[in-house]
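**Q** Sharing final10.txt below, compact mmCIF, C-alpha atoms:
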```
# COMPACT_ATOMS: atom_id res chain seq x y z
CA MET A 1 2.59 143.78 -3.48
CA ALA A 2 6.35 144.17 -3.63
CA LEU A 3 5.89 147.89 -2.95
CA ILE A 4 3.91 147.11 0.23
CA TYR A 5 6.68 144.75 1.34
CA LEU A 6 9.27 147.41 0.64
CA PHE A 7 7.45 150.00 2.76
CA THR A 8 7.04 147.42 5.55
CA ILE A 9 10.75 146.64 5.54
CA VAL A 10 11.73 150.33 5.49
CA GLY A 11 9.38 151.01 8.39
CA TYR A 12 10.82 148.13 10.41
CA ILE A 13 14.39 149.25 9.71
CA THR A 14 13.52 152.77 10.85
CA LEU A 15 12.06 151.43 14.11
CA LEU A 16 15.23 149.40 14.79
CA TRP A 17 17.61 152.26 14.02
CA VAL A 18 15.62 154.72 16.13
CA THR A 19 15.73 152.21 19.00
CA GLY A 20 19.48 151.74 18.53
CA ALA A 21 20.05 155.50 18.53
CA PHE A 22 17.81 155.97 21.58
CA VAL A 23 19.74 153.49 23.73
CA THR A 24 23.15 154.77 22.64
CA ARG A 25 23.11 157.02 25.71
CA LYS A 26 22.76 153.85 27.83
CA SER A 27 26.00 152.50 26.32
CA GLY A 28 28.39 155.20 27.40
CA SER A 29 30.98 152.82 28.86
CA SER A 30 32.61 149.62 27.64
CA GLU A 31 30.87 147.64 30.40
CA ALA A 32 27.50 148.99 29.26
CA TYR A 33 28.33 148.37 25.60
CA LEU A 34 29.50 144.77 26.07
CA VAL A 35 27.30 143.44 28.92
CA ALA A 36 24.65 146.13 29.50
CA SER A 37 26.31 147.05 32.82
CA ARG A 38 25.10 143.66 34.12
CA GLY A 39 21.68 145.14 34.79
CA LEU A 40 19.17 143.39 32.50
CA SER A 41 15.85 142.07 33.83
CA VAL A 42 14.30 138.63 33.26
CA THR A 43 12.23 140.05 30.38
CA PHE A 44 15.30 141.17 28.46
CA ILE A 45 17.24 137.99 29.25
CA SER A 46 14.27 135.95 27.95
CA VAL A 47 14.01 137.77 24.62
CA LEU A 48 17.79 137.64 24.17
CA ILE A 49 17.84 133.85 24.67
CA ALA A 50 14.74 133.34 22.50
CA GLY A 51 16.20 135.58 19.80
CA THR A 52 19.56 133.80 19.90
CA TRP A 53 17.94 130.48 18.98
CA ILE A 54 15.24 131.86 16.67
CA GLY A 55 17.39 132.91 13.75
CA GLY A 56 18.27 132.20 10.16
CA VAL A 57 19.39 128.73 11.15
CA SER A 58 16.23 128.00 13.15
CA ILE A 59 13.65 129.67 10.90
CA VAL A 60 14.87 129.87 7.30
CA GLY A 61 17.22 126.92 7.84
CA MET A 62 14.57 124.90 9.67
CA ALA A 63 12.01 125.50 6.89
CA GLN A 64 14.69 124.48 4.38
CA GLY A 65 15.52 121.39 6.43
CA ALA A 66 11.85 120.38 6.75
CA TYR A 67 11.36 121.01 3.02
CA ILE A 68 14.11 118.45 2.37
CA TYR A 69 13.87 116.05 5.32
CA GLY A 70 10.43 116.57 6.83
CA ILE A 71 9.65 116.97 10.53
CA SER A 72 12.84 115.09 11.43
CA ALA A 73 14.73 118.34 10.79
CA LEU A 74 13.61 119.35 14.29
CA TRP A 75 16.29 117.04 15.68
CA PHE A 76 18.68 119.83 14.71
CA GLN A 77 17.05 122.14 17.25
CA ALA A 78 16.25 119.56 19.93
CA GLY A 79 19.84 119.61 21.16
CA ILE A 80 19.65 123.37 21.71
CA TRP A 81 16.47 123.04 23.77
CA ILE A 82 18.09 120.44 26.04
CA ALA A 83 21.27 122.52 26.22
CA MET A 84 19.43 125.59 27.53
CA CYS A 85 17.96 123.55 30.39
CA VAL A 86 21.42 122.23 31.26
CA THR A 87 22.94 125.72 30.98
CA ALA A 88 20.38 127.11 33.44
CA LEU A 89 21.19 124.24 35.81
CA LEU A 90 24.95 124.85 35.58
CA LEU A 91 24.87 128.64 35.41
CA ASN A 92 26.64 129.17 38.73
CA LYS A 93 29.56 127.04 37.53
CA ILE A 94 29.68 128.90 34.22
CA MET A 95 29.54 132.39 35.70
CA LYS A 96 31.83 131.92 38.75
CA GLY A 97 30.67 135.15 40.33
CA ASN A 98 30.02 138.33 38.38
CA LYS A 99 33.20 138.74 36.34
CA THR A 100 32.69 136.33 33.45
CA TYR A 101 32.70 137.78 29.94
CA SER A 102 33.34 134.83 27.66
CA ILE A 103 34.39 131.22 27.18
CA LEU A 104 37.93 132.40 27.92
CA ASP A 105 36.96 132.90 31.55
CA VAL A 106 35.17 129.53 31.76
CA VAL A 107 38.10 127.56 30.30
CA GLY A 108 40.62 129.76 32.10
CA ASN A 109 39.18 128.72 35.46
CA LEU A 110 40.14 125.11 34.66
CA TYR A 111 43.20 125.22 32.41
CA ASP A 112 46.11 127.46 31.47
CA THR A 113 45.97 130.69 29.46
CA ARG A 114 47.18 129.02 26.25
CA THR A 115 44.28 126.55 26.29
CA ALA A 116 41.75 129.26 27.16
CA LYS A 117 43.00 131.50 24.33
CA PHE A 118 42.78 128.70 21.76
CA ALA A 119 39.28 127.75 22.96
CA GLY A 120 38.31 131.40 22.53
CA ILE A 121 39.56 131.43 18.94
CA LEU A 122 37.49 128.35 18.09
CA GLN A 123 34.43 129.93 19.73
CA LEU A 124 35.06 133.16 17.84
CA ILE A 125 35.24 131.33 14.49
CA PHE A 126 31.92 129.66 15.22
CA SER A 127 30.23 132.89 16.36
CA ILE A 128 31.27 134.73 13.22
CA TRP A 129 30.03 131.85 11.08
CA VAL A 130 26.62 131.96 12.78
CA VAL A 131 26.39 135.70 12.10
CA THR A 132 27.17 134.79 8.48
CA MET A 133 24.24 132.35 8.48
CA GLN A 134 21.90 135.16 9.49
CA VAL A 135 23.18 137.38 6.70
CA VAL A 136 22.65 134.60 4.16
CA GLY A 137 19.14 133.92 5.42
CA GLY A 138 18.30 137.61 5.18
CA GLY A 139 19.51 137.71 1.58
CA ALA A 140 17.40 134.69 0.65
CA ILE A 141 14.25 136.09 2.22
CA LEU A 142 14.51 139.60 0.81
CA ALA A 143 15.37 138.34 -2.68
CA VAL A 144 12.21 136.22 -2.80
CA ILE A 145 9.97 138.71 -1.03
CA LEU A 146 10.86 141.67 -3.23
CA ASN A 147 10.61 139.50 -6.33
CA GLY A 148 13.52 140.67 -8.43
CA GLN A 149 13.65 144.23 -7.09
CA ILE A 150 16.57 143.23 -4.89
CA SER A 151 19.15 140.53 -5.54
CA PHE A 152 20.24 137.83 -3.10
CA GLN A 153 23.56 139.63 -2.60
CA SER A 154 21.85 143.00 -2.04
CA GLY A 155 19.50 141.37 0.49
CA MET A 156 22.53 140.04 2.36
CA LEU A 157 24.08 143.50 2.35
CA LEU A 158 20.91 145.17 3.66
CA THR A 159 20.44 142.61 6.43
CA ALA A 160 24.07 142.95 7.54
CA ILE A 161 23.93 146.76 7.52
CA VAL A 162 20.70 146.94 9.53
CA PHE A 163 21.67 144.86 12.57
CA THR A 164 25.36 145.75 12.49
CA LEU A 165 24.54 149.45 12.57
CA TYR A 166 22.18 149.41 15.55
CA ASN A 167 24.64 147.24 17.47
CA VAL A 168 27.51 149.58 16.66
CA MET A 169 25.38 152.42 18.04
CA GLY A 170 23.95 150.87 21.18
CA GLY A 171 25.92 147.71 21.88
CA PHE A 172 24.36 144.92 23.95
CA VAL A 173 21.72 147.29 25.31
CA ALA A 174 20.54 147.84 21.73
CA THR A 175 20.56 144.07 21.21
CA ALA A 176 18.27 143.64 24.23
CA TYR A 177 15.80 146.37 23.27
CA THR A 178 15.61 145.43 19.59
CA ASN A 179 15.20 141.75 20.48
CA LEU A 180 12.12 142.72 22.49
CA ILE A 181 10.73 144.17 19.24
CA HIS A 182 11.92 141.22 17.16
CA ILE A 183 10.40 138.53 19.40
CA GLY A 184 7.03 140.26 19.48
CA ALA A 185 7.01 140.54 15.68
CA ILE A 186 8.22 136.96 15.18
CA VAL A 187 5.73 135.26 17.48
CA PHE A 188 2.74 137.19 16.12
CA GLY A 189 3.74 136.92 12.45
CA ILE A 190 4.88 133.29 12.28
CA PHE A 191 1.72 131.98 13.94
CA LEU A 192 -0.60 134.23 11.95
CA GLY A 193 1.03 133.24 8.66
CA GLY A 194 1.71 129.65 9.63
CA PHE A 195 -1.84 128.85 10.67
CA TYR A 196 -3.19 130.62 7.59
CA VAL A 197 -1.15 128.54 5.11
CA MET A 198 -1.82 125.29 6.95
CA LEU A 199 -5.57 125.86 7.11
CA ASN A 200 -5.99 127.25 3.59
CA ALA A 201 -3.42 125.38 1.52
CA GLY A 202 -4.76 121.98 2.60
CA THR A 203 -1.34 120.37 2.40
CA ILE A 204 -0.54 118.95 5.84
CA SER A 205 -2.84 115.95 5.45
CA PRO A 206 -1.54 114.94 1.98
CA MET A 207 2.08 115.41 3.11
CA ALA A 208 1.44 113.11 6.09
CA HIS A 209 1.19 110.28 3.58
CA GLN A 210 4.36 111.24 1.71
CA SER A 211 7.06 108.75 2.65
CA HIS A 212 9.33 110.40 5.23
CA TYR A 213 7.81 113.82 5.93
CA PHE A 214 6.14 113.00 9.24
CA THR A 215 8.27 110.09 10.45
CA PRO A 216 10.54 110.69 13.46
CA PHE A 217 13.84 110.26 11.63
CA GLY A 218 12.70 110.87 8.04
CA ASP A 219 15.29 110.10 5.41
CA LEU A 220 17.96 111.52 7.74
CA GLY A 221 18.11 108.18 9.52
CA PHE A 222 18.55 107.62 13.24
CA PHE A 223 22.31 108.18 13.30
CA GLN A 224 22.23 111.50 11.40
CA ALA A 225 19.28 112.79 13.46
CA VAL A 226 20.94 111.94 16.77
CA SER A 227 24.20 113.44 15.49
CA TRP A 228 22.45 116.74 14.80
CA ALA A 229 20.84 116.78 18.25
CA PHE A 230 24.07 115.86 19.99
CA ILE A 231 26.16 118.43 18.12
CA ASN A 232 23.71 121.19 18.90
CA PHE A 233 23.59 120.22 22.54
CA THR A 234 27.35 120.79 22.71
CA LEU A 235 26.92 123.92 20.59
CA GLY A 236 24.42 125.49 22.97
CA VAL A 237 25.66 124.71 26.48
CA LEU A 238 28.61 127.13 26.41
CA ALA A 239 27.70 129.30 23.42
CA GLN A 240 29.21 132.78 23.68
CA PRO A 241 25.93 134.74 23.23
CA VAL A 242 24.37 132.75 26.08
CA ILE A 243 27.37 133.50 28.32
CA ASN A 244 27.15 137.13 27.24
CA THR A 245 23.43 137.24 28.03
CA ALA A 246 23.85 135.53 31.41
CA SER A 247 26.67 137.99 32.21
CA SER A 248 24.22 140.84 31.59
CA ALA A 249 21.61 139.64 34.11
CA ARG A 250 21.14 141.49 37.37
CA THR A 251 21.42 138.27 39.36
CA SER A 252 22.22 134.62 38.69
CA LYS A 253 18.63 133.69 39.59
CA GLU A 254 17.24 136.09 36.97
CA GLY A 255 19.73 134.72 34.46
CA LYS A 256 18.46 131.17 35.00
CA GLN A 257 14.83 132.24 34.78
CA GLY A 258 15.46 134.19 31.61
CA ILE A 259 17.23 131.27 29.93
CA LEU A 260 14.35 128.88 30.67
CA ILE A 261 11.62 131.34 29.64
CA GLY A 262 13.47 132.26 26.45
CA ASN A 263 13.84 128.58 25.60
CA ALA A 264 10.10 128.05 26.11
CA ILE A 265 9.35 130.94 23.73
CA ALA A 266 11.66 129.57 21.03
CA ILE A 267 10.37 125.98 20.83
CA PRO A 268 6.88 126.54 19.30
CA VAL A 269 8.21 129.14 16.88
CA VAL A 270 10.75 126.70 15.43
CA VAL A 271 8.14 123.91 15.20
CA MET A 272 5.88 126.25 13.21
CA ALA A 273 8.76 127.07 10.84
CA ALA A 274 9.26 123.34 10.19
CA LEU A 275 5.55 122.86 9.42
CA CYS A 276 5.71 125.80 7.03
CA GLY A 277 8.62 124.13 5.23
CA ILE A 278 6.52 120.99 4.73
CA VAL A 279 3.63 123.07 3.37
CA ALA A 280 6.04 124.74 0.95
CA LYS A 281 7.25 121.35 -0.32
CA ASN A 282 3.68 120.43 -1.28
CA VAL A 283 2.76 123.79 -2.82
CA PHE A 284 6.12 124.60 -4.46
CA PRO A 285 7.88 121.24 -5.01
CA HIS A 286 10.57 122.53 -7.39
CA ILE A 287 11.83 125.77 -5.84
CA PRO A 288 15.31 126.06 -4.27
CA SER A 289 14.97 124.68 -0.74
CA ILE A 290 16.38 127.83 0.87
CA SER A 291 13.34 129.73 -0.50
CA ALA A 292 10.84 127.40 1.19
CA LEU A 293 9.61 129.87 3.81
CA PRO A 294 9.51 133.15 1.83
CA ALA A 295 7.77 131.41 -1.11
CA LEU A 296 4.69 131.01 1.11
CA LEU A 297 4.08 134.76 0.95
CA ASP A 298 2.57 134.13 -2.51
CA ILE A 299 -0.39 132.28 -1.01
CA VAL A 300 -1.37 134.63 1.83
CA PRO A 301 -3.40 137.87 1.60
CA PRO A 302 -1.69 141.26 2.12
CA TYR A 303 -2.99 141.76 5.68
CA VAL A 304 -1.29 138.50 6.67
CA ALA A 305 1.72 138.85 4.41
CA VAL A 306 3.12 142.01 6.00
CA PHE A 307 3.29 140.37 9.43
CA PHE A 308 4.43 137.03 8.01
CA LEU A 309 7.18 138.84 6.14
CA ILE A 310 8.59 140.50 9.26
CA SER A 311 8.44 137.21 11.18
CA MET A 312 10.76 135.73 8.53
CA TRP A 313 13.24 138.59 8.36
CA ALA A 314 13.36 139.63 12.05
CA PRO A 315 14.85 136.30 13.26
CA LEU A 316 17.95 136.87 11.16
CA MET A 317 18.63 139.98 13.24
CA SER A 318 17.35 138.67 16.58
CA SER A 319 19.95 135.89 16.37
CA GLY A 320 22.64 137.74 14.45
CA SER A 321 22.78 140.52 17.05
CA PRO A 322 23.56 138.37 20.16
CA PHE A 323 26.15 136.37 18.22
CA LEU A 324 27.66 139.58 16.84
CA MET A 325 27.89 141.17 20.28
CA GLY A 326 29.09 137.91 21.81
CA ALA A 327 31.88 137.77 19.24
CA THR A 328 32.73 141.41 19.97
CA THR A 329 32.94 140.80 23.73
CA LEU A 330 35.11 137.73 23.19
CA ALA A 331 37.43 139.50 20.76
CA VAL A 332 37.78 142.72 22.76
CA LYS A 333 38.07 141.32 26.28
CA GLY A 334 40.01 138.22 25.30
CA TYR A 335 42.45 139.46 22.69
CA ILE A 336 42.37 143.09 21.52
CA ALA A 337 42.41 144.92 24.87
CA PRO A 338 45.17 142.72 26.39
CA LEU A 339 47.23 142.85 23.18
CA LEU A 340 47.03 146.64 22.85
CA LYS A 341 47.12 147.10 26.65
CA ILE A 342 44.07 149.37 26.55
CA LYS A 343 42.98 150.55 29.99
CA ASP A 344 41.24 153.83 29.19
CA ASP A 345 37.50 153.11 29.06
CA ARG A 346 36.79 155.61 26.30
CA GLN A 347 39.36 153.93 24.06
CA LEU A 348 37.96 150.52 24.96
CA LEU A 349 34.46 151.65 23.98
CA LEU A 350 35.74 152.94 20.63
CA ILE A 351 37.61 149.69 19.96
CA SER A 352 34.48 147.72 20.86
CA ARG A 353 32.39 149.65 18.31
CA LEU A 354 35.04 149.21 15.61
CA THR A 355 35.27 145.49 16.37
CA THR A 356 31.49 145.10 16.00
CA LEU A 357 31.67 146.82 12.63
CA ILE A 358 34.60 144.70 11.41
CA ILE A 359 32.95 141.42 12.46
CA GLY A 360 29.78 142.48 10.63
CA ILE A 361 31.79 143.10 7.45
CA ILE A 362 33.67 139.79 7.71
CA SER A 363 30.39 137.90 8.19
CA LEU A 364 28.92 139.53 5.10
CA LEU A 365 31.92 138.54 2.97
CA LEU A 366 31.80 134.94 4.21
CA GLY A 367 28.13 134.77 3.22
CA PHE A 368 29.04 134.35 -0.42
CA PHE A 369 30.43 130.87 0.33
CA VAL A 370 27.40 129.36 2.10
CA LYS A 371 25.43 126.53 0.41
CA GLU A 372 23.23 124.71 2.95
CA ILE A 373 22.56 126.37 6.29
CA LEU A 374 21.85 123.46 8.64
CA ARG A 375 24.66 121.12 7.59
CA GLU A 376 27.35 123.80 7.53
CA VAL A 377 26.53 124.97 11.05
CA THR A 378 26.84 121.41 12.38
CA TRP A 379 30.29 121.06 10.82
CA ILE A 380 31.71 124.24 12.36
CA ALA A 381 29.94 123.48 15.67
CA VAL A 382 32.33 120.57 16.24
CA PHE A 383 34.82 123.16 17.55
CA LEU A 384 32.41 123.89 20.39
CA SER A 385 31.89 120.19 21.08
CA ALA A 386 35.56 119.80 21.96
CA ILE A 387 35.43 122.84 24.26
CA VAL A 388 32.40 121.44 26.08
CA TYR A 389 34.17 118.09 26.56
CA ILE A 390 37.24 119.57 28.20
CA VAL A 391 35.15 121.90 30.40
CA PHE A 392 32.82 119.15 31.59
CA ILE A 393 35.78 116.85 32.27
CA GLY A 394 37.34 119.68 34.29
CA TRP A 395 34.13 120.23 36.23
CA PHE A 396 33.13 116.65 36.92
CA GLY A 397 36.18 114.48 36.27
CA ILE A 398 39.70 114.10 37.53
CA ARG A 399 41.80 117.25 37.15
CA VAL A 400 43.82 116.91 33.95
CA ASP A 401 46.99 118.82 33.07
CA SER A 402 46.33 121.74 30.73
CA ARG A 403 48.57 120.40 27.97
CA TYR A 404 46.14 117.52 27.36
CA ALA A 405 43.25 119.95 26.99
CA PHE A 406 45.32 122.05 24.58
CA ILE A 407 46.28 119.00 22.52
CA SER A 408 42.60 118.03 22.41
CA LEU A 409 41.65 121.38 20.89
CA ILE A 410 44.54 121.41 18.41
CA GLY A 411 43.65 117.89 17.31
CA THR A 412 40.00 118.88 16.88
CA LEU A 413 40.98 121.63 14.46
CA LEU A 414 43.16 119.24 12.46
CA ILE A 415 40.46 116.54 12.34
CA VAL A 416 37.87 119.02 11.02
CA LEU A 417 40.28 120.37 8.40
CA CYS A 418 41.25 116.87 7.22
CA SER A 419 37.60 115.87 7.16
CA PHE A 420 36.94 118.52 4.52
CA LEU A 421 40.20 118.25 2.61
CA PHE A 422 39.69 114.51 2.05
CA ASP A 423 35.84 114.54 1.90
CA LEU A 424 35.67 112.33 5.01
CA HIS A 425 32.67 114.36 6.27
CA LYS A 426 30.61 112.62 3.57
CA ILE A 427 31.32 109.28 5.27
CA VAL A 428 31.10 110.19 8.96
CA HIS A 429 30.28 113.48 10.68
CA PRO A 430 33.48 114.97 12.19
CA VAL A 431 31.91 115.19 15.65
CA TRP A 432 32.39 111.44 16.16
CA PRO A 433 36.13 111.18 15.44
CA VAL A 434 36.59 114.39 17.44
CA THR A 435 34.65 112.92 20.39
CA LEU A 436 36.74 109.74 20.32
CA TYR A 437 39.98 111.70 20.01
CA VAL A 438 39.26 114.17 22.84
CA PHE A 439 38.23 111.47 25.28
CA LEU A 440 41.29 109.38 24.44
CA VAL A 441 43.61 112.34 24.99
CA MET A 442 41.88 113.56 28.16
CA GLY A 443 41.59 109.98 29.44
CA SER A 444 45.35 109.58 28.98
CA GLY A 445 45.85 112.81 30.88
CA ALA A 446 43.65 111.56 33.71
CA LEU A 447 45.68 108.34 33.98
CA VAL A 448 48.93 110.28 34.13
CA SER A 449 47.47 112.55 36.83
CA LYS A 450 46.47 109.51 38.92
CA LYS A 451 50.02 108.12 38.79
CA HIS A 452 51.36 111.38 40.13
```
What is this structure when it is put down as structure tokens?

**A**
Amino acid sequence: MALIYLFTIVGYITLLWVTGAFVTRKSGSSEAYLVASRGLSVTFISVLIAGTWIGGVSIVGMAQGAYIYGISALWFQAGIWIAMCVTALLLNKIMKGNKTYSILDVVGNLYDTRTAKFAGILQLIFSIWVVTMQVVGGGAILAVILNGQISFQSGMLLTAIVFTLYNVMGGFVATAYTNLIHIGAIVFGIFLGGFYVMLNAGTISPMAHQSHYFTPFGDLGFFQAVSWAFINFTLGVLAQPVINTASSARTSKEGKQGILIGNAIAIPVVVMAALCGIVAKNVFPHIPSISALPALLDIVPPYVAVFFLISMWAPLMSSGSPFLMGATTLAVKGYIAPLLKIKDDRQLLLISRLTTLIIGIISLLLGFFVKEILREVTWIAVFLSAIVYIVFIGWFGIRVDSRYAFISLIGTLLIVLCSFLFDLHKIVHPVWPVTLYVFLVMGSGALVSKKH
């Protein structure tokens, strides 16, 4: 069976690389490479948004979370679903015409360059970490699927090489075209495999009577569940890959439609992944939790397994690619091109490709330090929470001097670092002290502004 899986994976890789090579001719300029020349249709916007939020965190991580916490793990994703609706509603504010590339432009429209640059660094750190999550998920899946023929580390390497390479070749156009392939494979495979294991393993009914597995807050508790949802709301509203995707739409209207349709595609897929994690807990109660989803391949027939397999591995790339290209756009447009004063488009295109490659390598190296996917994403996501606070205050509140926004972001970084250095994150999630801190600082800034 492992040989069949291997041939399936090789065939899928070949399809992706051929697609990447084919669209390379469509990425002959830096604008085409980074934002697809701002010419993508609703279909491509939809699969890019769906793929962004159907990834290692949402599929492998969700199955792992449900294996541990039950259906309450879905609170992690609920914040993203709400965030996409809000993003579509606020898209005109986010885009400010047709020149937005990244969070730097969004923050820069409200505050000074120093604040925008620091916000961009925090966003870049988060984006790279999410790419790392996809690499880790790919390693976990391939190691289990190929049953000893490939190690966890080798699986990480293969996953990173596959999606980094086709993005280096074709840029954001390649991301759009390959995500069309990924989403088709994911939706078909996850429902085929998911329904098969639920109907034939006979585990959902017994698990419904197991303490916390089908209770709204499980053993997470209300506070932890709401924390996850809230963090991921702030994570999603101004996420760089969503800005990148919206920047690539032909019109703002098509961008909004694509975001909403993509969100609607993602929701049932993630719910199915959670149910699969609960099935795995009943069938394989003692396996490592990160192997919850791929372990189910042992109980499905070959004609189901090949599609189920791809539906597990494809999300790592469908999400990794938009975050990788979002990080590239942010790094190139926000920092590298201005620093090196690059104006020649051919040089900018070369730098963009090199940046994509370097970010892919960094993400792979960071993968060796990951332990639990869901929790670690929520910790790093606090950086984005602070950015969302200062942007929303700028949009809807009293205009605050830029120095208060900058101090808010600096303080956020220090709070998160201290939270880990002194193990305070085990007592209270860092998002809450950060929230209190940012609103105190920005509130003080608002009071000062009123006096003047």

**Q** With distances taken over all atoms listed in the file, which residue among A:Gln64, A:Thr8, A:Ser102, A:Ser27 lies nearest Ala246 (chain A)?

**A**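 Smallest distance to Ala246 (chain A) is found for A:Ser102.
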
**Q** List the spatial neighbours of Ala83 (chain A) as a PyMOL selection string - criterion: any atom at most 12 Å away, only C-alpha atoms, same-chain residues fewer than 4 positions off excluded.

**A** chain A and resi 49+53+77-79+87-91+229-239+242+259-260+263+388

**Q** Counting only C-alpha atoms, which residues of region 259-330 of chain A sit at most 7 Å from some atom of region 132-140 of chain A, and what is each one's closest atom pair with its distance in Å to one decimal, listed by chain and rising residue number, as JSON lines?

**A**
```
{"residue": "A:Ile290", "atom": "CA", "partner": "A:Ala140", "partner_atom": "CA", "distance": 6.9}
{"residue": "A:Ser291", "atom": "CA", "partner": "A:Ala140", "partner_atom": "CA", "distance": 6.5}
{"residue": "A:Trp313", "atom": "CA", "partner": "A:Gly138", "partner_atom": "CA", "distance": 6.1}
{"residue": "A:Leu316", "atom": "CA", "partner": "A:Gln134", "partner_atom": "CA", "distance": 4.6}
{"residue": "A:Met317", "atom": "CA", "partner": "A:Gln134", "partner_atom": "CA", "distance": 6.9}
{"residue": "A:Gly320", "atom": "CA", "partner": "A:Gln134", "partner_atom": "CA", "distance": 5.6}
```

**Q** Skip region 417-423 of chain A itself and residues of its chain fewer than 3 positions away, then list as number ranges by chain all residues within 12 Å of it, counting only C-alpha atoms.

**A** A: 376, 379-380, 382-383, 410-414, 426-434

**Q** Store the residues picked out above, limited to C-alpha atoms, as a short mmCIF file (atom, residue, chain, number, x, y, z; two decimals), in the coordinates of the input.

**A**
```
data_model
loop_
_atom_site.label_atom_id
_atom_site.label_comp_id
_atom_site.auth_asym_id
_atom_site.auth_seq_id
_atom_site.Cartn_x
_atom_site.Cartn_y
_atom_site.Cartn_z
CA GLU A 376 27.35 123.80 7.53
CA TRP A 379 30.29 121.06 10.82
CA ILE A 380 31.71 124.24 12.36
CA VAL A 382 32.33 120.57 16.24
CA PHE A 383 34.82 123.16 17.55
CA ILE A 410 44.54 121.41 18.41
CA GLY A 411 43.65 117.89 17.31
CA THR A 412 40.00 118.88 16.88
CA LEU A 413 40.98 121.63 14.46
CA LEU A 414 43.16 119.24 12.46
CA LYS A 426 30.61 112.62 3.57
CA ILE A 427 31.32 109.28 5.27
CA VAL A 428 31.10 110.19 8.96
CA HIS A 429 30.28 113.48 10.68
CA PRO A 430 33.48 114.97 12.19
CA VAL A 431 31.91 115.19 15.65
CA TRP A 432 32.39 111.44 16.16
CA PRO A 433 36.13 111.18 15.44
CA VAL A 434 36.59 114.39 17.44
#
```

**Q** When you draw a straight line from CA of Ile128 (chain A) to CA of Arg353 (chain A), how long is it in Å?

**A** 15.8 Å
